[in-house]
Amino acid sequence: MLALDGLVKRFGGVTALDGVAMRVAPGRVHALLGENGAGKSTLLKCLSGTHRPDAGTMRLAGAAYAPASPRAAEDAGLRFVHQELNLVPEFTAYENAYVGRAYEKRFGLVRWRIMRKRFAAVRDRYGLDLDIDRPVGRLSVAKCQIVEILRALMDKAKILVLDEPTASLSEAEAETLRAIVRRLADQGTAVIFVSHRLDEVFAVADDFTVLRNGKTVNHGRLAETSREAIIAEMAGQAFKQRARAASATGGATMLELSGLRVAPARPSIDLTIGGGEIVGLYGIVGSGRSSLLKSIWGANPLCRGSLVLDRSALPRTGIRSRIAAGVAYVSEDRRNTGLIMHQSILDNAALPRLGRYRAHRGLPVLSHRRLRAGVDAILSGLAVRFGRLDDRISTLSGGNQQKIMIGRWLDDDIRLLLLDEPTRGVDIRSKADIHALCRARAAGGAAVLFATSDIEELLMLASRIVVMAQGAVTLDIANSGVSRETVLKAAFHAPARSGMAS
Amino acid sequence: MAFSARYGTLIGLVAIIALFSALSPASFAQASNLINITQQMSLLAIVALGATFVMALSEFDLSVGAVVSMAGIVSVSLFGAGWGVPVTIAATLAAGFCVGLISGYLIATFRMPSFIVTLAIGTVIGGITFWISDGATLFGNIPVAFRDLGRGTLAGVPVLTLWALAATVLALFVLDWTELGRRVLAIGGNREAARLSGVRVTYNSVWAFALCSLFAAIAGLLLTARLGSAHPTGGNGFLLQAYAAVFLGMTAFRDGQANALGTLLGAAIIAVVANGLTILGVPNYLQDIFTGLIIIGAVLVRNIGHRAS
Amino acid sequence: MAFSARYGTLIGLVAIIALFSALSPASFAQASNLINITQQMSLLAIVALGATFVMALSEFDLSVGAVVSMAGIVSVSLFGAGWGVPVTIAATLAAGFCVGLISGYLIATFRMPSFIVTLAIGTVIGGITFWISDGATLFGNIPVAFRDLGRGTLAGVPVLTLWALAATVLALFVLDWTELGRRVLAIGGNREAARLSGVRVTYNSVWAFALCSLFAAIAGLLLTARLGSAHPTGGNGFLLQAYAAVFLGMTAFRDGQANALGTLLGAAIIAVVANGLTILGVPNYLQDIFTGLIIIGAVLVRNIGHRAS
Amino acid sequence: EDVAVLTPYLSSVATNEMVETFKTDAENKGWTVNVVDTRGDFQQLASRVEDVTNAGVDAIVLVSVDPNQIGDQIKAASDGKIPVFILDGALAEGVTANITTDNFALGTILSDYLFEAIGNKGNIVKFFHSAHPGVRQRELALDEALEKNGDVTVIAEHYVQVPGPIDNARQAMETFLRQHGDKIDGVWAAWDEPAIGALLAVQSDMPTSKMAIAGIDGNPQAIDLIGQCTNLVATVRQDFPAIARTAVAEIEKVMAGEAPSNPEIFVDAMVVDRKSLDATCDG
Ligand SMILES: Nc1ncnc2c1ncn2[C@@H]1O[C@H](COP(=O)(O)OP(=O)(O)OP(=O)(O)O)[C@@H](O)[C@H]1O
Ligand SMILES: Nc1ncnc2c1ncn2[C@@H]1O[C@H](COP(=O)(O)OP(=O)(O)OP(=O)(O)O)[C@@H](O)[C@H]1O
Ligand SMILES: [Mg+2]
Ligand SMILES: [Mg+2]
């Protein structure tokens with residue numbers, strides 16, 4: 001149905017696509033695989049008419065295909081869920097679904113009720129859970145992702161393109177989405193599916209294409225290959241994933257939360273983390289993990305309860321008190337609350353620790369030499385692929401942006417590391433790198449608290465597992481021999497009103 | 001959301017009216033005065049409603065004042081050349097519309113900052129207006145039928161008030177009930193997302209600018225009808241006031257998006273304060289001071305409520 | 001990036017200078033005239049550099065014009081009351097600084113829109129200025145030592161030019177070399193991301209507004225020294241021009257961020273155009289038309305280059 | 001000869017009339033006239049005076065400018081042997097001649113005329129704008145006239161906003177009419193535009209009123225309205241064309257190497273009312 005040959009796309013000096021070939025068949029799910037920066041999103045943006053390829057041919061159902069704009073691509077029957085959210089924050093979910101396509105109208109007037117009804121019907125048909133009347137600016141990232149997906153499902157597409165649609169979804173939603181994808185493929189839609197979760201890829205996809213450095217290195221049927229082979233092809237070398245983490249036992253108590261409430265009506269939370277421990281926080285979308293991390297970080301004022309770090313109490317609010325005490329935080333939404341997209345890599349990487357790069361200790365004057373040296377040091381530890389330090393951070397691939405966002409906080413005096421979905425959209429090798437960073441911090445005596453929606457990751461990295469549901473902690477156990485079922489059960493457990501169960 | 005957060009700016013207006021009514025029950029709080037305020041705010045409201053379209057796009061149009069002035073001069077010149085009322089109105093509105101087309105085209109196609117483009121276009125328009133009028137106030141030859149569009153009452157309501165109401169309904173309608181309006185708001189909310197979703201950014205942006213200029217031209221015609229003369233810089237004073245009204249309106253409802261009802265509310269606040277302070281006979285420098293403080297107060301009511309919630 | 005995209009606005013300035021030099025080699029293209037232009041643009045440059053701080057924050061300060069006027073009236077009044085030069089300067093600058101503190105505090109703490117807050121503050125300041133001056137132009141009693149701060153030359157360079165250079169270096173330094181400047185730019189880029197990274201949003205925002213007002217007050221003092229008089233609305237004309245300069249500068253370098261060198265370039269374009277057209281003796285209305293077209297052209301050069309790349 | 005005309009107020013009717021007459025007359029003499037408007041901005045005005053001084057024009061004409069506001073630039077011009085003439089301004093160091101009507105006298109004429117029209121007794125509304133030095137003089141003349149005549153009181157006053165003086169004055173007048181109604185006997189407007197605004201308010205809101213409105217300038221629209229027997233009964237006409245013509249004559253003299261006839265030349269003003277227009281009004 002779709003045939004791509006010899007696609008080339010350059011951005012200034014960077015060659016993002018360097019002769020890509022790909023064949024997509026109707027009724028099949030095609031996995032597009034590759035490490036961060038391999039060129040997957042760029043390829044899809046060529047398909048969507050956002051970028052125009054510098055060379056190569058695209059054919060759709062036998063005819064030449066060269067969309068001049070996203071609109072042309074839509075008219076050709078393609079639907080996209082891009083890697084980055086593309087929503088209008090002030091609009092409701094159902095109106096967002098209509099942005100860029102014809103609204104329901106009568107006499108030129110928008111028919112809001114019909115639009116709402118149609119969208120609600122699509123939501124219900126696919127069994128997704130979403131409040132459709134709220135402006136999406138006030139929804140969590142995961143819910144926004146669901147809005148994006150529903151938007152692409154509004155009418156029947158010839159080709160559905162999903163760029164890391166499950167990156168911010170938890171297991172349950174991801175499972176639902178995979179079921180939807182299978183259903184659509186069975187009805188004849190061609191689906192292009194990008195994901196870094198290989199288990200998921202094997203579960204849902206039929207065919208695959210692997211990109212490396214902008215070139216197609218292999219393609220074929222998933223049934224005829226193996227996980228290890230794919231990983232080796234993506235990385236260009238054999239690469240062994242580390243087995244389950246040896247559970248580090250906690251040292252002296254590092255963080256102690258007691259009777260903590262993030263809002264008056266929410267349950268209270270008690271949690272203790274020892275130095276050297278890596279605590280994985282699991283929950284379904286909206287379970288309250290992000291709110292908890294933000295409260296610990298002092299970004300949302302605490303309603304009630306106390307927070308003790310290394311035997312000294314922290315004030316209820318105030319990010320700087322956390323920084324001074326050696327806490328670091330990485331937000332879940334790199335585009336909106338994490339990075340400054342139109343600023344340079346340098347500016348973004350240096351922001352949290354600007355004070356380090358003074359020319360003289362007593363003067364708030366920066367030394368550009370130190371700045372560059374410092375940022376170089378941060379980046380070299382992360383294997384980030386980039387052009388120049390002064391390039392906009394938005395020109396990096398999603399995974400590389402993520403690495404910078406974490407790496408800029410890592411530092412020798414960190415005592416508590418708060419990570420909200422730190423490996424979202426990160427390839428397997430980088431994920432291992434980030435995990436190694438966490439382990440190294442923990443080995444150095446820091447406490448690590450990370451929220452994740454990926455059970456695989458949870459079981460692989462955490463030394464202790466904490467599960468939240470509806471704002472309360474429903475499970476808190478050491479990670480030895482814990483099964484997926486135990487975790488999932490706790491995640492769907494309706495907690496007693498008073499709070500903690502274990 | 002707390003009540004004061006939701007309706008804060010409206011509460012501000014009510015409080016201002018209550019205050020003036022208490023201070024001057026005999027003059028301010030008369031029905032005739034309140035009706036008169038609706039007339040006094042009408043031209044500002046029309047210009048500001050036009051500006052609401054470009055603010056919905058998250059852009060600025062700083063040429064509105066110049067377009068108001070231009071519309072006045074062009075229309076009186078055409079009357080002087082013997083044109084009839086309908087043709088003159090049509091030609092003037094078309095001229096206004098074209099100004100917006102040009103600004104919108106430059107801004108949307110070349111991604112130039114609207115602030116600088118419209119400031120420059122406003123300067124060009126100002127020069128042309130001056131050229132046409134020779135810098136003089138134009139009067140005479142203005143048909144009575146035209147003048148009646150901007151004065152007098154209809155069923156007890158000032159004609160200008162009716163125009164302003166019609167403009168409000170039109171703006172409300174376009175922004176809330178047409179695809180054009182929604183697309184403009186989508187571009188204003190997240191331009192890149194709108195573009196990637198297939199919204200024709202240039203086309204819709206150009207419309208927003210054209211409507212803005214059109215509204216300014218309407219206000220210019222009504223101003224001329226009202227005054228019976230046209231002055232080459234007579235509309236320039238509307239510029240900052242119109243944006244003040246739009247911004248007041250953006251804090252009023254709907255979390256920061258430009259909207260027609262909010263703009264009307266903003267224009268009302270500005271008009272009520274000016275009227276009330278004049279009636280109270282406050283010295284002119286104190287009028288400025290109070291106007292500033294009252295506007296800050298009106299926004300503050302809402303934002304303090306918002307913080308608390 | 002293509003050359004014309006990277007240096008487009010600068011190319012625009014060079015082209016404008018070349019054009020005027022060709023048209024008027026005897027008057028425009030004289031060293032003395034070019035030096036004089038640097039003096040004529042200096043006050044605008046200082047106000048615009050101040051505005052660069054708040055634009056770096058992605059906010060507006062519409063009170064700069066009023067602060068320029070206020071600084072002039074306050075200083076001459078203090079001289080009239082017998083104060084010495086250093087104390088008067090210190091008091092005036094402190095007053096300017098405080099205006100910025102207040103605006104910045106209101107905007108950052110209550111999340112009020114800067115457009116409306118600073119417009120209102122500007123109105124209040126205007127009222128106070130009027131009150132102090134009784135609406136009259138103040139002159140007399142201005143010490144010669146003070147006047148010399150704004151006229152004459154030092155080693156062949158006009159004193160005002162030196163002040164503007166000093167202001168440029170200061171603004172460049174603050175924005176590029178200090179934590180304050182980088183944090184202000186970070187807040188301007190993404191307020192929530194900056195906050196979550198531990199940037200004190202209120203503190204840094206207040207500083208940006210205070211610096212902006214301080215620069216405006218400096219310009220007001222120098223204006224008074226240059227003219228030997230102070231007019232209660234004498235600085236208001238700077239408002240739109242200053243933002244035009246900043247916006248021109250934002251298109252010049254660094255992809256859309258406010259920056260000191262760009263602002264200086266923007267102020268230079270505005271000043272060169274005004275000077276050149278006056279020297280050529282272009283009729284008044286054509287001056288407006290050309291000014292507008294040239295400014296659009298200067299931005300267009302760069303944006304067309306940008307699109308091509 | 002090259003003559004540069006500079007003003008911050010070209011959009012004001014009076015200034016515009018002077019500039020236009022000056023231009024016509026001067027061009028008839030074969031001079032090149034270059035007009036510069038700085039839109040109320042004195043810093044710009046200073047810069048533009050520097051520019052024309054640098055460009056080496058033969059004479060500089062400043063219209064509606066108080067020379068004290070740009071003393072150094074005027075001095076620099078006269079040091080450069082360029083004569084500086086001022087229309088409707090004041091005299092200062094470096095100024096060759098100032099040709100004007102005495103604004104204080106204008107204010108006195110207006111006040112006296114208006115007081116007489118309302119029978120030297122009653123309430124008046126005052127429209128003023130003290131930022132303009134000439135207009136402020138008229139206000140001071142009113143204060144003096146009020147002091148002399150205790151039976152006339154200012155019942156309300158309004159500081160007129162510029163630009164848009166007509167509409168602004170109209171809105172204020174509408175308010176005053178609601179507030180004081182029949183108690184208003186007269187309107188004192190510091191220039192014609194607010195007077196026109198006040199008249200528009202009276203015409204629409206209190207068409208039967210007999211109040212008298214008077215202004216200054218002899219604005220053509222005002223004269224037209226006086227001729228139509230409206231409440232606008234008089235304007236004190238400064239003879240702007242005469243000012244301009246006098247200036248042309250003086251410049252010619254100076255360029256021929258003579259001294260100006262007088263550094264300060266006053267051109268007379270006259271009252272324009274129904275009588276002087278031969279308007280026939282009933283009642
Ligand atoms: N607009 C751009 N300007 C410059 N370089 C770009 C731009 N977009 C992408 N690139 C570069 O192209 C390369 C491919 O990026 P792309 O986003 O396609 O990677 P990806 O395979 O989607 O990675 P990820 O898994 O991290 O999303 C990267 O090196 C990136 O830095
Ligand atoms: N800004 C907000 N306004 C209103 N409700 C919010 C806001 N942020 C979060 N919530 C609500 O609070 C609850 C907890 O949200 P939170 O983001 O902490 O959950 P989470 O487990 O991290 O989910 P996710 O995986 O979606 O990030 C959810 O019901 C969410 O809808
Ligand atoms: Mg990608
Ligand atoms: Mg979360």
# chains A, B, ... in the order shown; residues from 1 in each chain; ligands from 1
>>> interface_residues(of="chain D", to="chain B", cutoff="8 Å", atoms="only C-alpha atoms", output="PyMOL selection string")
chain D and resi 10-13+16-17+156-159+162-167+171-172+174-176+178-179+197+200+204+221
>>> residues_near_ligand(ligand="ligand 2", cutoff="10 Å", atoms="only C-alpha atoms and all ligand atoms", output="count of residues only")
48
>>> residues_around(residues="Gly127 in chain B", least_positions_apart="5", cutoff="7 Å", atoms="only C-alpha atoms", output="list in words")
Tyr285, Leu286, Asp288 and Ile289 of chain C
>>> interface_residues(of="chain A", to="chain B", cutoff="7 Å", atoms="only C-alpha atoms", output="PDB file with N, CA and C atoms, in the first residue's frame")
ATOM      1  N   THR A  50       4.795  17.354   6.880  1.00  0.00           N
ATOM      2  CA  THR A  50       5.423  18.383   7.706  1.00  0.00           C
ATOM      3  C   THR A  50       6.805  18.719   7.153  1.00  0.00           C
ATOM      4  N   PRO A  70       0.261  19.069   5.976  1.00  0.00           N
ATOM      5  CA  PRO A  70      -0.418  18.056   6.786  1.00  0.00           C
ATOM      6  C   PRO A  70      -1.843  17.818   6.280  1.00  0.00           C
ATOM      7  N   ARG A  71      -2.441  18.851   5.745  1.00  0.00           N
ATOM      8  CA  ARG A  71      -3.803  18.728   5.264  1.00  0.00           C
ATOM      9  C   ARG A  71      -3.884  17.749   4.085  1.00  0.00           C
ATOM     10  N   ASN A  86       0.103  17.408  20.176  1.00  0.00           N
ATOM     11  CA  ASN A  86      -0.284  18.562  19.365  1.00  0.00           C
ATOM     12  C   ASN A  86      -1.720  18.927  19.661  1.00  0.00           C
ATOM     13  N   LEU A  87      -1.924  19.549  20.810  1.00  0.00           N
ATOM     14  CA  LEU A  87      -3.290  19.885  21.221  1.00  0.00           C
ATOM     15  C   LEU A  87      -3.368  21.364  21.540  1.00  0.00           C
ATOM     16  N   VAL A  88      -4.558  21.901  21.443  1.00  0.00           N
ATOM     17  CA  VAL A  88      -4.790  23.289  21.827  1.00  0.00           C
ATOM     18  C   VAL A  88      -5.222  23.282  23.289  1.00  0.00           C
ATOM     19  N   PRO A  89      -4.401  23.825  24.182  1.00  0.00           N
ATOM     20  CA  PRO A  89      -4.657  23.638  25.609  1.00  0.00           C
ATOM     21  C   PRO A  89      -6.007  24.176  26.081  1.00  0.00           C
ATOM     22  N   GLU A  90      -6.499  25.237  25.428  1.00  0.00           N
ATOM     23  CA  GLU A  90      -7.746  25.833  25.923  1.00  0.00           C
ATOM     24  C   GLU A  90      -8.977  25.071  25.457  1.00  0.00           C
ATOM     25  N   VAL A  99     -10.061  19.961  15.413  1.00  0.00           N
ATOM     26  CA  VAL A  99      -9.117  20.958  14.912  1.00  0.00           C
ATOM     27  C   VAL A  99      -8.496  20.415  13.632  1.00  0.00           C
ATOM     28  N   GLY A 100      -8.578  21.171  12.569  1.00  0.00           N
ATOM     29  CA  GLY A 100      -7.951  20.729  11.334  1.00  0.00           C
ATOM     30  C   GLY A 100      -8.845  19.876  10.458  1.00  0.00           C
ATOM     31  N   TYR A 103     -15.750  20.805  11.052  1.00  0.00           N
ATOM     32  CA  TYR A 103     -16.618  20.745  12.222  1.00  0.00           C
ATOM     33  C   TYR A 103     -18.002  20.280  11.774  1.00  0.00           C
ATOM     34  N   GLY A 108     -23.789  26.799   8.544  1.00  0.00           N
ATOM     35  CA  GLY A 108     -22.514  27.427   8.866  1.00  0.00           C
ATOM     36  C   GLY A 108     -22.232  27.525  10.359  1.00  0.00           C
ATOM     37  N   LEU A 109     -23.199  27.088  11.160  1.00  0.00           N
ATOM     38  CA  LEU A 109     -23.011  27.181  12.609  1.00  0.00           C
ATOM     39  C   LEU A 109     -22.478  25.870  13.171  1.00  0.00           C
ATOM     40  N   VAL A 110     -21.544  26.008  14.082  1.00  0.00           N
ATOM     41  CA  VAL A 110     -20.977  24.821  14.707  1.00  0.00           C
ATOM     42  C   VAL A 110     -22.015  24.147  15.598  1.00  0.00           C
TER      43      VAL A 110
END
>>> closest_atom_pairs(of="chain A", to="ligand 1", cutoff="9 Å", atoms="only C-alpha atoms and all ligand atoms", output="JSON lines")
{"residue": "A:Lys9", "atom": "CA", "partner": "ligand 1", "partner_atom_place_in_ligand_line": "12 (O)", "distance": 8.5}
{"residue": "A:Arg10", "atom": "CA", "partner": "ligand 1", "partner_atom_place_in_ligand_line": "5 (N)", "distance": 7.6}
{"residue": "A:Phe11", "atom": "CA", "partner": "ligand 1", "partner_atom_place_in_ligand_line": "4 (C)", "distance": 4.6}
{"residue": "A:Gly12", "atom": "CA", "partner": "ligand 1", "partner_atom_place_in_ligand_line": "4 (C)", "distance": 6.8}
{"residue": "A:Gly13", "atom": "CA", "partner": "ligand 1", "partner_atom_place_in_ligand_line": "4 (C)", "distance": 8.2}
{"residue": "A:Val14", "atom": "CA", "partner": "ligand 1", "partner_atom_place_in_ligand_line": "5 (N)", "distance": 5.9}
{"residue": "A:Thr15", "atom": "CA", "partner": "ligand 1", "partner_atom_place_in_ligand_line": "12 (O)", "distance": 6.6}
{"residue": "A:Ala16", "atom": "CA", "partner": "ligand 1", "partner_atom_place_in_ligand_line": "12 (O)", "distance": 3.9}
{"residue": "A:Leu17", "atom": "CA", "partner": "ligand 1", "partner_atom_place_in_ligand_line": "14 (C)", "distance": 7.2}
{"residue": "A:Leu33", "atom": "CA", "partner": "ligand 1", "partner_atom_place_in_ligand_line": "21 (O)", "distance": 7.9}
{"residue": "A:Gly34", "atom": "CA", "partner": "ligand 1", "partner_atom_place_in_ligand_line": "21 (O)", "distance": 6.0}
{"residue": "A:Glu35", "atom": "CA", "partner": "ligand 1", "partner_atom_place_in_ligand_line": "25 (O)", "distance": 5.6}
{"residue": "A:Asn36", "atom": "CA", "partner": "ligand 1", "partner_atom_place_in_ligand_line": "26 (O)", "distance": 3.4}
{"residue": "A:Gly37", "atom": "CA", "partner": "ligand 1", "partner_atom_place_in_ligand_line": "19 (O)", "distance": 3.3}
{"residue": "A:Ala38", "atom": "CA", "partner": "ligand 1", "partner_atom_place_in_ligand_line": "21 (O)", "distance": 3.9}
{"residue": "A:Gly39", "atom": "CA", "partner": "ligand 1", "partner_atom_place_in_ligand_line": "18 (O)", "distance": 3.2}
{"residue": "A:Lys40", "atom": "CA", "partner": "ligand 1", "partner_atom_place_in_ligand_line": "21 (O)", "distance": 3.7}
{"residue": "A:Ser41", "atom": "CA", "partner": "ligand 1", "partner_atom_place_in_ligand_line": "22 (O)", "distance": 3.6}
{"residue": "A:Thr42", "atom": "CA", "partner": "ligand 1", "partner_atom_place_in_ligand_line": "18 (O)", "distance": 3.7}
{"residue": "A:Leu43", "atom": "CA", "partner": "ligand 1", "partner_atom_place_in_ligand_line": "18 (O)", "distance": 6.4}
{"residue": "A:Leu44", "atom": "CA", "partner": "ligand 1", "partner_atom_place_in_ligand_line": "18 (O)", "distance": 8.0}
{"residue": "A:Lys45", "atom": "CA", "partner": "ligand 1", "partner_atom_place_in_ligand_line": "18 (O)", "distance": 8.3}
{"residue": "A:His51", "atom": "CA", "partner": "ligand 1", "partner_atom_place_in_ligand_line": "1 (N)", "distance": 8.8}
{"residue": "A:Gln83", "atom": "CA", "partner": "ligand 1", "partner_atom_place_in_ligand_line": "27 (O)", "distance": 7.0}
{"residue": "A:Asp163", "atom": "CA", "partner": "ligand 1", "partner_atom_place_in_ligand_line": "22 (O)", "distance": 8.0}
{"residue": "A:Glu164", "atom": "CA", "partner": "ligand 1", "partner_atom_place_in_ligand_line": "27 (O)", "distance": 7.9}
{"residue": "A:Val194", "atom": "CA", "partner": "ligand 1", "partner_atom_place_in_ligand_line": "25 (O)", "distance": 8.3}
{"residue": "A:Ser195", "atom": "CA", "partner": "ligand 1", "partner_atom_place_in_ligand_line": "25 (O)", "distance": 8.0}
{"residue": "A:His196", "atom": "CA", "partner": "ligand 1", "partner_atom_place_in_ligand_line": "25 (O)", "distance": 7.4}
{"residue": "A:Leu211", "atom": "CA", "partner": "ligand 1", "partner_atom_place_in_ligand_line": "21 (O)", "distance": 7.8}
{"residue": "A:Arg212", "atom": "CA", "partner": "ligand 1", "partner_atom_place_in_ligand_line": "21 (O)", "distance": 8.4}
{"residue": "A:Asn213", "atom": "CA", "partner": "ligand 1", "partner_atom_place_in_ligand_line": "14 (C)", "distance": 7.8}
{"residue": "A:Gly214", "atom": "CA", "partner": "ligand 1", "partner_atom_place_in_ligand_line": "14 (C)", "distance": 7.1}
{"residue": "A:Arg385", "atom": "CA", "partner": "ligand 1", "partner_atom_place_in_ligand_line": "29 (O)", "distance": 6.1}
{"residue": "A:Phe386", "atom": "CA", "partner": "ligand 1", "partner_atom_place_in_ligand_line": "31 (O)", "distance": 5.8}
{"residue": "A:Gly387", "atom": "CA", "partner": "ligand 1", "partner_atom_place_in_ligand_line": "31 (O)", "distance": 7.4}
{"residue": "A:Asp391", "atom": "CA", "partner": "ligand 1", "partner_atom_place_in_ligand_line": "4 (C)", "distance": 8.2}
{"residue": "A:Arg392", "atom": "CA", "partner": "ligand 1", "partner_atom_place_in_ligand_line": "3 (N)", "distance": 8.2}
{"residue": "A:Ile393", "atom": "CA", "partner": "ligand 1", "partner_atom_place_in_ligand_line": "31 (O)", "distance": 8.6}
{"residue": "A:Ser394", "atom": "CA", "partner": "ligand 1", "partner_atom_place_in_ligand_line": "1 (N)", "distance": 7.0}
{"residue": "A:Thr395", "atom": "CA", "partner": "ligand 1", "partner_atom_place_in_ligand_line": "2 (C)", "distance": 4.1}
{"residue": "A:Leu396", "atom": "CA", "partner": "ligand 1", "partner_atom_place_in_ligand_line": "31 (O)", "distance": 3.6}
{"residue": "A:Ser397", "atom": "CA", "partner": "ligand 1", "partner_atom_place_in_ligand_line": "17 (O)", "distance": 3.8}
{"residue": "A:Gly398", "atom": "CA", "partner": "ligand 1", "partner_atom_place_in_ligand_line": "26 (O)", "distance": 3.9}
{"residue": "A:Gly399", "atom": "CA", "partner": "ligand 1", "partner_atom_place_in_ligand_line": "26 (O)", "distance": 3.5}
{"residue": "A:Asn400", "atom": "CA", "partner": "ligand 1", "partner_atom_place_in_ligand_line": "26 (O)", "distance": 5.8}
{"residue": "A:Gln401", "atom": "CA", "partner": "ligand 1", "partner_atom_place_in_ligand_line": "26 (O)", "distance": 7.7}
{"residue": "A:Gln402", "atom": "CA", "partner": "ligand 1", "partner_atom_place_in_ligand_line": "26 (O)", "distance": 8.4}
{"residue": "A:Gly425", "atom": "CA", "partner": "ligand 1", "partner_atom_place_in_ligand_line": "25 (O)", "distance": 6.2}
{"residue": "A:Val426", "atom": "CA", "partner": "ligand 1", "partner_atom_place_in_ligand_line": "26 (O)", "distance": 6.2}
{"residue": "A:Asp427", "atom": "CA", "partner": "ligand 1", "partner_atom_place_in_ligand_line": "25 (O)", "distance": 6.2}
>>> select_by_dssp(residues="range 186-310 of chain A", states="alpha helix (DSSP H)", output="ChimeraX atom specification")
/A:186,198-204,227-235,289-297
